[in-house]
$ cat entry_24.cif   # mmCIF, C-alpha atoms
data_work
#
loop_
_atom_site.label_atom_id
_atom_site.label_comp_id
_atom_site.auth_asym_id
_atom_site.auth_seq_id
_atom_site.Cartn_x
_atom_site.Cartn_y
_atom_site.Cartn_z
CA MET A 1 23.32 -5.80 32.30
CA LEU A 2 21.44 -2.95 33.96
CA VAL A 3 24.74 -1.47 35.16
CA LEU A 4 26.37 -1.73 31.72
CA LEU A 5 23.36 -0.57 29.71
CA PRO A 6 24.06 3.20 29.78
CA ASP A 7 27.69 2.68 28.72
CA ILE A 8 26.74 0.30 25.91
CA MET A 9 24.09 2.70 24.63
CA ALA A 10 26.43 5.69 24.77
CA SER A 11 29.13 3.81 22.88
CA GLN A 12 26.73 3.20 20.00
CA GLU A 13 25.85 6.83 19.25
CA ASN A 14 28.75 7.25 16.81
CA ALA A 15 29.20 3.59 15.93
CA ASN A 16 28.94 2.25 12.38
CA THR A 17 25.97 0.26 11.15
CA ASP A 18 27.49 -3.16 11.78
CA ASN A 19 28.34 -2.35 15.39
CA LYS A 20 24.89 -0.91 16.02
CA MET A 21 23.26 -4.03 14.65
CA LYS A 22 25.49 -6.26 16.79
CA ALA A 23 24.57 -4.23 19.87
CA LEU A 24 20.85 -4.54 19.16
CA LEU A 25 21.19 -8.29 18.71
CA VAL A 26 22.98 -8.49 22.05
CA PHE A 27 20.18 -6.54 23.72
CA ARG A 28 17.55 -8.81 22.17
CA ASN A 29 19.30 -11.96 23.34
CA VAL A 30 19.99 -10.69 26.87
CA LEU A 31 16.44 -9.43 27.39
CA GLY A 32 15.17 -12.93 26.80
CA HIS A 33 17.13 -14.18 29.81
CA MET A 34 16.08 -11.46 32.27
CA SER A 35 13.33 -11.58 34.86
CA ARG A 36 10.18 -9.64 33.95
CA GLU A 37 11.08 -6.83 36.35
CA GLU A 38 14.63 -6.47 35.00
CA ALA A 39 13.45 -6.71 31.39
CA SER A 40 10.82 -4.04 32.06
CA LEU A 41 13.33 -1.49 33.33
CA THR A 42 15.82 -2.30 30.57
CA ALA A 43 13.12 -2.04 27.89
CA LEU A 44 12.17 1.39 29.20
CA GLN A 45 15.75 2.62 28.83
CA LEU A 46 16.33 0.93 25.49
CA VAL A 47 13.22 2.12 23.68
CA GLU A 48 14.31 5.77 23.73
CA LYS A 49 17.52 4.83 21.91
CA LEU A 50 15.67 2.85 19.27
CA LEU A 51 13.48 5.65 17.91
CA PRO A 52 16.28 7.51 16.03
CA LEU A 53 17.30 4.26 14.34
CA PHE A 54 13.93 4.02 12.58
CA ASP A 55 15.30 6.56 10.09
CA ASP A 56 18.78 5.14 9.65
CA GLU A 57 20.18 4.92 6.11
CA SER A 58 20.55 1.15 6.45
CA SER A 59 17.27 -0.68 5.78
CA GLN A 60 18.57 -3.62 7.82
CA LEU A 61 19.17 -1.44 10.85
CA ARG A 62 15.77 0.22 10.39
CA GLU A 63 14.07 -3.17 10.31
CA LEU A 64 15.99 -4.56 13.29
CA SER A 65 15.39 -1.49 15.45
CA ILE A 66 11.66 -1.48 14.65
CA CYS A 67 11.31 -5.21 15.33
CA LEU A 68 13.16 -4.84 18.63
CA PHE A 69 10.97 -1.87 19.52
CA ARG A 70 7.88 -3.99 18.82
CA ASP A 71 9.16 -6.65 21.21
CA VAL A 72 10.42 -4.46 24.05
CA ILE A 73 7.29 -2.33 24.42
CA GLN A 74 5.46 -5.51 25.37
CA MET A 75 7.92 -6.29 28.18
CA VAL A 76 7.01 -3.48 30.58
CA VAL A 77 5.16 -4.27 33.77
CA GLY A 78 3.76 -2.33 36.72
CA LYS A 79 4.64 1.32 37.12
CA ASP A 80 6.82 1.31 33.99
CA LYS A 81 3.77 0.99 31.74
CA LYS A 82 2.75 4.65 31.99
CA GLN A 83 6.18 5.93 30.99
CA MET A 84 6.38 3.39 28.17
CA GLU A 85 3.05 4.63 26.82
CA GLU A 86 4.55 8.11 26.44
CA ASN A 87 7.49 6.70 24.48
CA VAL A 88 5.09 4.68 22.35
CA ARG A 89 3.08 7.81 21.50
CA ARG A 90 6.26 9.45 20.18
CA SER A 91 6.81 6.45 17.92
CA LEU A 92 3.40 6.46 16.21
CA LEU A 93 4.13 8.95 13.45
CA PRO A 94 7.58 7.56 12.50
CA LEU A 95 6.08 4.07 12.35
CA PHE A 96 3.21 5.36 10.22
CA PHE A 97 5.63 6.98 7.78
CA ARG A 98 7.81 3.86 7.67
CA MET A 99 4.80 1.85 6.52
CA SER A 100 5.54 3.58 3.20
CA ASP A 101 9.19 2.51 3.22
CA GLN A 102 10.44 1.18 -0.12
CA SER A 103 11.91 -1.78 1.73
CA GLU A 104 9.03 -4.24 2.03
CA SER A 105 10.51 -5.80 5.16
CA VAL A 106 10.77 -2.40 6.87
CA ALA A 107 7.22 -1.49 5.85
CA LYS A 108 5.93 -4.82 7.20
CA ALA A 109 7.87 -4.45 10.46
CA SER A 110 6.49 -0.92 10.86
CA GLN A 111 2.92 -2.12 10.41
CA GLU A 112 3.43 -4.88 12.97
CA ALA A 113 5.02 -2.48 15.47
CA LEU A 114 2.28 0.12 14.97
CA LEU A 115 -0.34 -2.56 15.58
CA VAL A 116 1.33 -3.60 18.85
CA ALA A 117 1.61 0.08 19.85
CA ALA A 118 -2.07 0.71 19.10
CA LYS A 119 -3.10 -2.28 21.20
CA LEU A 120 -0.85 -1.18 24.07
CA LEU A 121 -2.48 2.27 24.01
CA LYS A 122 -5.93 0.64 23.61
CA TRP A 123 -6.74 2.78 20.58
CA ARG A 124 -9.39 0.71 18.83
CA GLN A 125 -9.67 2.67 15.60
CA LEU A 126 -5.91 2.78 15.08
CA THR A 127 -5.77 -0.96 15.77
CA HIS A 128 -8.47 -1.60 13.17
CA LEU A 129 -6.97 0.69 10.52
CA THR A 130 -3.53 -0.84 10.97
CA GLN A 131 -4.82 -4.42 10.90
CA THR A 132 -6.75 -3.74 7.70
CA GLN A 133 -3.88 -1.72 6.19
CA GLN A 134 -6.01 1.40 5.65
CA THR A 135 -2.87 3.50 5.50
CA CYS A 136 -4.60 6.55 4.05
CA ARG A 137 -6.81 6.91 7.13
CA ILE A 138 -4.18 6.38 9.82
CA GLY A 139 -2.82 9.94 9.67
CA GLU A 140 -6.24 11.45 10.30
CA CYS A 141 -6.80 8.91 13.08
CA LEU A 142 -3.63 10.01 14.89
CA LEU A 143 -4.65 13.66 14.70
CA VAL A 144 -8.18 13.05 15.97
CA GLN A 145 -7.18 10.56 18.66
CA ASP A 146 -4.63 12.86 20.32
CA ARG A 147 -5.29 16.49 19.41
CA SER A 148 -2.83 17.74 22.02
CA ARG A 149 0.08 16.36 19.98
CA VAL A 150 -0.72 18.05 16.66
CA GLU A 151 2.12 20.57 16.98
CA GLU A 152 4.52 17.80 17.95
CA TYR A 153 3.37 15.73 14.98
CA LEU A 154 4.01 18.67 12.67
CA SER A 155 7.53 19.07 14.02
CA GLN A 156 8.15 15.33 13.65
CA SER A 157 6.95 15.47 10.03
CA LEU A 158 9.31 18.19 8.80
CA PRO A 159 12.52 16.07 8.61
CA TYR A 160 10.71 13.52 6.44
CA LEU A 161 10.27 16.18 3.74
CA LYS A 162 13.99 15.71 3.08
CA ASP A 163 13.93 11.90 3.11
CA ALA A 164 15.68 10.20 0.20
CA GLN A 165 12.63 8.04 -0.49
CA VAL A 166 9.83 9.51 -2.58
CA PRO A 167 7.01 7.62 -0.79
CA LEU A 168 8.12 9.03 2.56
CA ARG A 169 8.32 12.59 1.25
CA GLU A 170 4.82 12.15 -0.15
CA ALA A 171 3.53 10.72 3.13
CA ALA A 172 5.02 13.64 5.08
CA VAL A 173 3.50 16.24 2.76
CA ARG A 174 0.07 14.61 2.91
CA PHE A 175 0.19 14.41 6.69
CA ILE A 176 1.23 18.06 7.05
CA GLY A 177 -1.76 19.05 4.93
CA LEU A 178 -4.05 17.17 7.28
CA ALA A 179 -2.33 18.35 10.45
CA ALA A 180 -2.60 21.98 9.32
CA GLN A 181 -6.37 21.68 9.65
CA HIS A 182 -6.05 20.56 13.28
CA ARG A 183 -3.29 22.84 14.56
CA ARG A 184 -3.94 25.14 17.50
CA ASP A 185 -0.93 27.38 16.93
CA GLN A 186 -2.17 29.85 14.30
CA SER A 187 0.84 32.15 14.62
CA GLU A 188 2.44 33.56 11.48
CA GLU A 189 5.78 32.22 12.68
CA LYS A 190 4.53 28.62 12.76
CA LEU A 191 2.80 29.01 9.42
CA ALA A 192 5.97 30.42 7.85
CA GLU A 193 8.02 27.51 9.19
CA ILE A 194 5.69 24.97 7.58
CA CYS A 195 5.46 26.83 4.28
CA THR A 196 9.23 27.31 4.06
CA ALA A 197 9.73 23.58 4.43
CA LEU A 198 7.10 22.85 1.78
CA GLN A 199 8.51 25.43 -0.65
CA LEU A 200 11.74 23.47 -0.84
CA LEU A 201 9.75 20.67 -2.46
CA GLU A 202 8.26 22.83 -5.21
CA LYS A 203 11.28 21.93 -7.33
CA ASP A 204 11.45 18.31 -6.22
CA ALA A 205 12.69 16.01 -8.97
CA GLU A 206 9.60 13.84 -8.46
CA LEU A 207 6.52 15.50 -10.01
CA SER A 208 4.13 13.82 -7.58
CA VAL A 209 5.99 15.35 -4.64
CA SER A 210 6.23 18.87 -6.08
CA SER A 211 2.54 18.88 -7.08
CA LEU A 212 1.50 17.62 -3.68
CA ALA A 213 3.63 20.25 -1.94
CA ILE A 214 1.97 23.06 -3.93
CA GLN A 215 -1.53 21.75 -3.11
CA THR A 216 -0.61 21.41 0.55
CA MET A 217 0.69 24.98 0.79
CA LEU A 218 -2.68 26.21 -0.46
CA ILE A 219 -4.37 24.24 2.31
CA VAL A 220 -1.95 25.40 5.01
CA ARG A 221 -2.36 29.05 4.02
CA SER A 222 -6.16 28.95 3.79
CA PRO A 223 -8.17 30.42 6.69
CA ARG A 224 -9.53 27.68 8.93
CA LYS A 225 -13.13 28.86 8.58
CA LYS A 226 -12.68 28.41 4.83
CA ALA A 227 -10.91 25.11 5.13
CA THR A 228 -10.91 22.90 2.11
CA SER A 229 -13.76 20.50 1.53
CA GLY A 230 -13.77 16.96 2.89
CA TRP A 231 -13.34 15.60 -0.63
CA THR A 232 -10.24 17.73 -1.20
CA LEU A 233 -8.65 16.57 2.04
CA TRP A 234 -9.49 12.97 1.21
CA ALA A 235 -7.95 13.36 -2.23
CA LEU A 236 -4.83 14.99 -0.81
CA CYS A 237 -4.42 12.16 1.68
CA CYS A 238 -5.35 9.17 -0.46
CA TRP A 239 -4.92 9.89 -4.15
CA PRO A 240 -1.14 9.34 -4.29
CA CYS A 241 -1.56 6.09 -2.35
CA LYS A 242 -4.21 4.79 -4.69
CA ALA A 243 -2.31 5.93 -7.75
CA ARG A 244 0.66 3.75 -6.78
CA GLN A 245 -1.63 0.76 -6.19
CA LYS A 246 -2.94 0.78 -9.77
#
$ encode --input "entry_24.cif" --output "structure tokens"
Amino acid sequence: MLVLLPDIMASQENANTDNKMKALLVFRNVLGHMSREEASLTALQLVEKLLPLFDDESSQLRELSICLFRDVIQMVVGKDKKQMEENVRRSLLPLFFRMSDQSESVAKASQEALLVAAKLLKWRQLTHLTQTQQTCRIGECLLVQDRSRVEEYLSQSLPYLKDAQVPLREAAVRFIGLAAQHRRDQSEEKLAEICTALQLLEKDAELSVSSLAIQTMLIVRSPRKKATSGWTLWALCCWPCKARQK
């Protein structure tokens, strides 16, 4: 299996949804019959290929890839753990966004995977917020817990502004507003990149998205020493969530 793994993975890059799902099911079944050492190495190689599938058009493939990710990150042992932790950190924001997925099964799988990831990283606050489903506070937690990844988080967020699902576009806009307050790169070039992406949403067909994008641009453009009040940031992050719950 270890010898064939690279070829199987490569063959799936341009495969259709059905073939990708079949391949993931094969991986899941085979991993269960491997020794811990073999499973650990295979899991390390597999997890990098799973991350792009979190955003696949097929909700079934999204769910399966996230569930498999949840399982494989728990299989690593020994020296593989450190490298797996780095892969897990790259998964945190996509999993957080997918907790807002319109597919309930995908949202549930994302919460479960994020919880396992938080425990693996030993991040207590993230574990608590995920367990208690305090979705509105998770974004801020990610930014505070690992300040060195703020720029990476911002880059990861931008593609979600074009997502077909309204809740994910909203989640991305809210997160960018929060991340803007934590960013280290204050260059005009970076600011322009963020604002350009947000401007495309000013004419979004969904009023909640366009309004949120306009509010967020005001926050992003404001000088840091005059950053918006805590209440405003809380409202930006949580109001749309709470509005949907009513």
$ atom_distance --input "entry_24.cif" --atom1 "atom CA of Glu48 of chain A" --atom2 "atom CA of Ile73 of chain A"
10.7 Å
$ atom_distance --input "entry_24.cif" --atom1 "atom CA of Arg90 of chain A" --atom2 "atom CA of Ser208 of chain A"
28.2 Å
$ resolve_selection --input "entry_24.cif" --expression "the PyMOL selection byres ((chain A and resi 150-162) around 8)" --output "list in words"
Leu93, Pro94, Leu143, Asp146, Arg147, Ser148, Arg149, Asp163, Ala164, Leu168, Arg169, Glu170, Ala172, Val173, Phe175, Ile176, Ala179, His182, Arg183, Arg184, Asp185, Ile194, Ala197, Leu198 and Leu201 of chain A
$ atom_distance --input "entry_24.cif" --atom1 "atom CA of Thr127 of chain A" --atom2 "atom CA of Leu115 of chain A"
5.7 Å
$ closest_residue --input "entry_24.cif" --among "A:Gln145, A:Asn29, A:Thr135, A:Ser222" --to "Arg89 of chain A" --atoms "all atoms listed in the file"
A:Gln145
$ closest_residue --input "entry_24.cif" --among "A:Ser59, A:Gln181, A:Thr42, A:Thr130" --to "Ala117 of chain A" --atoms "only C-alpha atoms"
A:Thr130
$ resolve_selection --input "entry_24.cif" --expression "the PyMOL selection byres ((chain A and resi 99) around 10)" --output "PDB file with C-alpha atoms, in the coordinates of the input"
ATOM      1  CA  LEU A  93       4.130   8.950  13.450  1.00  0.00           C
ATOM      2  CA  PRO A  94       7.580   7.560  12.500  1.00  0.00           C
ATOM      3  CA  LEU A  95       6.080   4.070  12.350  1.00  0.00           C
ATOM      4  CA  PHE A  96       3.210   5.360  10.220  1.00  0.00           C
ATOM      5  CA  PHE A  97       5.630   6.980   7.780  1.00  0.00           C
ATOM      6  CA  ARG A  98       7.810   3.860   7.670  1.00  0.00           C
ATOM      7  CA  SER A 100       5.540   3.580   3.200  1.00  0.00           C
ATOM      8  CA  ASP A 101       9.190   2.510   3.220  1.00  0.00           C
ATOM      9  CA  GLN A 102      10.440   1.180  -0.120  1.00  0.00           C
ATOM     10  CA  SER A 103      11.910  -1.780   1.730  1.00  0.00           C
ATOM     11  CA  GLU A 104       9.030  -4.240   2.030  1.00  0.00           C
ATOM     12  CA  SER A 105      10.510  -5.800   5.160  1.00  0.00           C
ATOM     13  CA  VAL A 106      10.770  -2.400   6.870  1.00  0.00           C
ATOM     14  CA  ALA A 107       7.220  -1.490   5.850  1.00  0.00           C
ATOM     15  CA  LYS A 108       5.930  -4.820   7.200  1.00  0.00           C
ATOM     16  CA  ALA A 109       7.870  -4.450  10.460  1.00  0.00           C
ATOM     17  CA  SER A 110       6.490  -0.920  10.860  1.00  0.00           C
ATOM     18  CA  GLN A 111       2.920  -2.120  10.410  1.00  0.00           C
ATOM     19  CA  GLU A 112       3.430  -4.880  12.970  1.00  0.00           C
ATOM     20  CA  ALA A 113       5.020  -2.480  15.470  1.00  0.00           C
ATOM     21  CA  LEU A 114       2.280   0.120  14.970  1.00  0.00           C
ATOM     22  CA  THR A 130      -3.530  -0.840  10.970  1.00  0.00           C
ATOM     23  CA  GLN A 133      -3.880  -1.720   6.190  1.00  0.00           C
ATOM     24  CA  THR A 135      -2.870   3.500   5.500  1.00  0.00           C
ATOM     25  CA  PRO A 167       7.010   7.620  -0.790  1.00  0.00           C
ATOM     26  CA  LEU A 168       8.120   9.030   2.560  1.00  0.00           C
ATOM     27  CA  ALA A 171       3.530  10.720   3.130  1.00  0.00           C
TER      28      ALA A 171
END
$ closest_residue --input "entry_24.cif" --among "A:Arg221, A:Trp123, A:Gly139, A:Arg28" --to "Ser187 of chain A" --atoms "only C-alpha atoms"
A:Arg221
$ resolve_selection --input "entry_24.cif" --expression "the PyMOL selection byres ((chain A and resi 76) around 8)" --output "ChimeraX atom specification"
/A:36-37,39-41,43-44,72-75,77-78,80-81,84
$ axis_aligned_box --input "entry_24.cif" --around "segment 49-61 of chain A" --padding-each-side "4 Å" --output "AutoDock Vina command-line options"
--center_x 17.0 --center_y 1.9 --center_z 13.8 --size_x 15.1 --size_y 19.1 --size_z 24.1
$ residues_around --input "entry_24.cif" --residues "Gly177 of chain A" --least-positions-apart "6" --cutoff "7 Å" --atoms "all atoms listed in the file" --output "count of residues only"
3
$ closest_residue --input "entry_24.cif" --among "A:Leu68, A:Leu129, A:Val30, A:Cys136" --to "Val47 of chain A" --atoms "all atoms listed in the file"
A:Leu68
$ closest_residue --input "entry_24.cif" --among "A:Arg70, A:Arg62, A:Lys190, A:Arg124" --to "Ile138 of chain A" --atoms "all atoms listed in the file"
A:Arg124
$ build_atoms --input "entry_24.cif" --residues "segment 14-32 of chain A" --atoms "N, CA and C atoms" --output "compact mmCIF listing (two decimals), in the frame of the given file"
# COMPACT_ATOMS: atom_id res chain seq x y z
N ASN A 14 27.93 6.94 17.99
CA ASN A 14 28.75 7.25 16.81
C ASN A 14 29.32 6.00 16.15
N ALA A 15 28.72 4.85 16.48
CA ALA A 15 29.20 3.59 15.93
C ALA A 15 28.72 3.41 14.49
N ASN A 16 29.39 2.53 13.74
CA ASN A 16 28.94 2.25 12.38
C ASN A 16 27.75 1.30 12.40
N THR A 17 27.18 1.07 11.24
CA THR A 17 25.97 0.26 11.15
C THR A 17 26.15 -1.15 11.69
N ASP A 18 27.24 -1.79 11.33
CA ASP A 18 27.49 -3.16 11.78
C ASP A 18 27.54 -3.26 13.30
N ASN A 19 28.23 -2.33 13.93
CA ASN A 19 28.34 -2.35 15.39
C ASN A 19 27.00 -2.08 16.06
N LYS A 20 26.22 -1.18 15.47
CA LYS A 20 24.89 -0.91 16.02
C LYS A 20 24.00 -2.14 15.94
N MET A 21 24.07 -2.84 14.82
CA MET A 21 23.26 -4.03 14.65
C MET A 21 23.69 -5.12 15.64
N LYS A 22 24.99 -5.28 15.83
CA LYS A 22 25.49 -6.26 16.79
C LYS A 22 25.00 -5.93 18.19
N ALA A 23 25.02 -4.65 18.53
CA ALA A 23 24.57 -4.23 19.87
C ALA A 23 23.09 -4.54 20.07
N LEU A 24 22.28 -4.27 19.05
CA LEU A 24 20.85 -4.54 19.16
C LEU A 24 20.58 -6.04 19.30
N LEU A 25 21.35 -6.84 18.59
CA LEU A 25 21.19 -8.29 18.71
C LEU A 25 21.56 -8.77 20.11
N VAL A 26 22.59 -8.15 20.69
CA VAL A 26 22.98 -8.49 22.05
C VAL A 26 21.84 -8.15 23.01
N PHE A 27 21.28 -6.95 22.86
CA PHE A 27 20.18 -6.54 23.72
C PHE A 27 19.01 -7.52 23.60
N ARG A 28 18.69 -7.91 22.38
CA ARG A 28 17.55 -8.81 22.17
C ARG A 28 17.78 -10.15 22.85
N ASN A 29 18.99 -10.66 22.73
CA ASN A 29 19.30 -11.96 23.34
C ASN A 29 19.30 -11.89 24.86
N VAL A 30 19.89 -10.83 25.41
CA VAL A 30 19.99 -10.69 26.87
C VAL A 30 18.62 -10.48 27.49
N LEU A 31 17.78 -9.69 26.86
CA LEU A 31 16.44 -9.43 27.39
C LEU A 31 15.65 -10.72 27.59
N GLY A 32 15.90 -11.67 26.71
CA GLY A 32 15.17 -12.93 26.80
C GLY A 32 15.55 -13.77 28.00
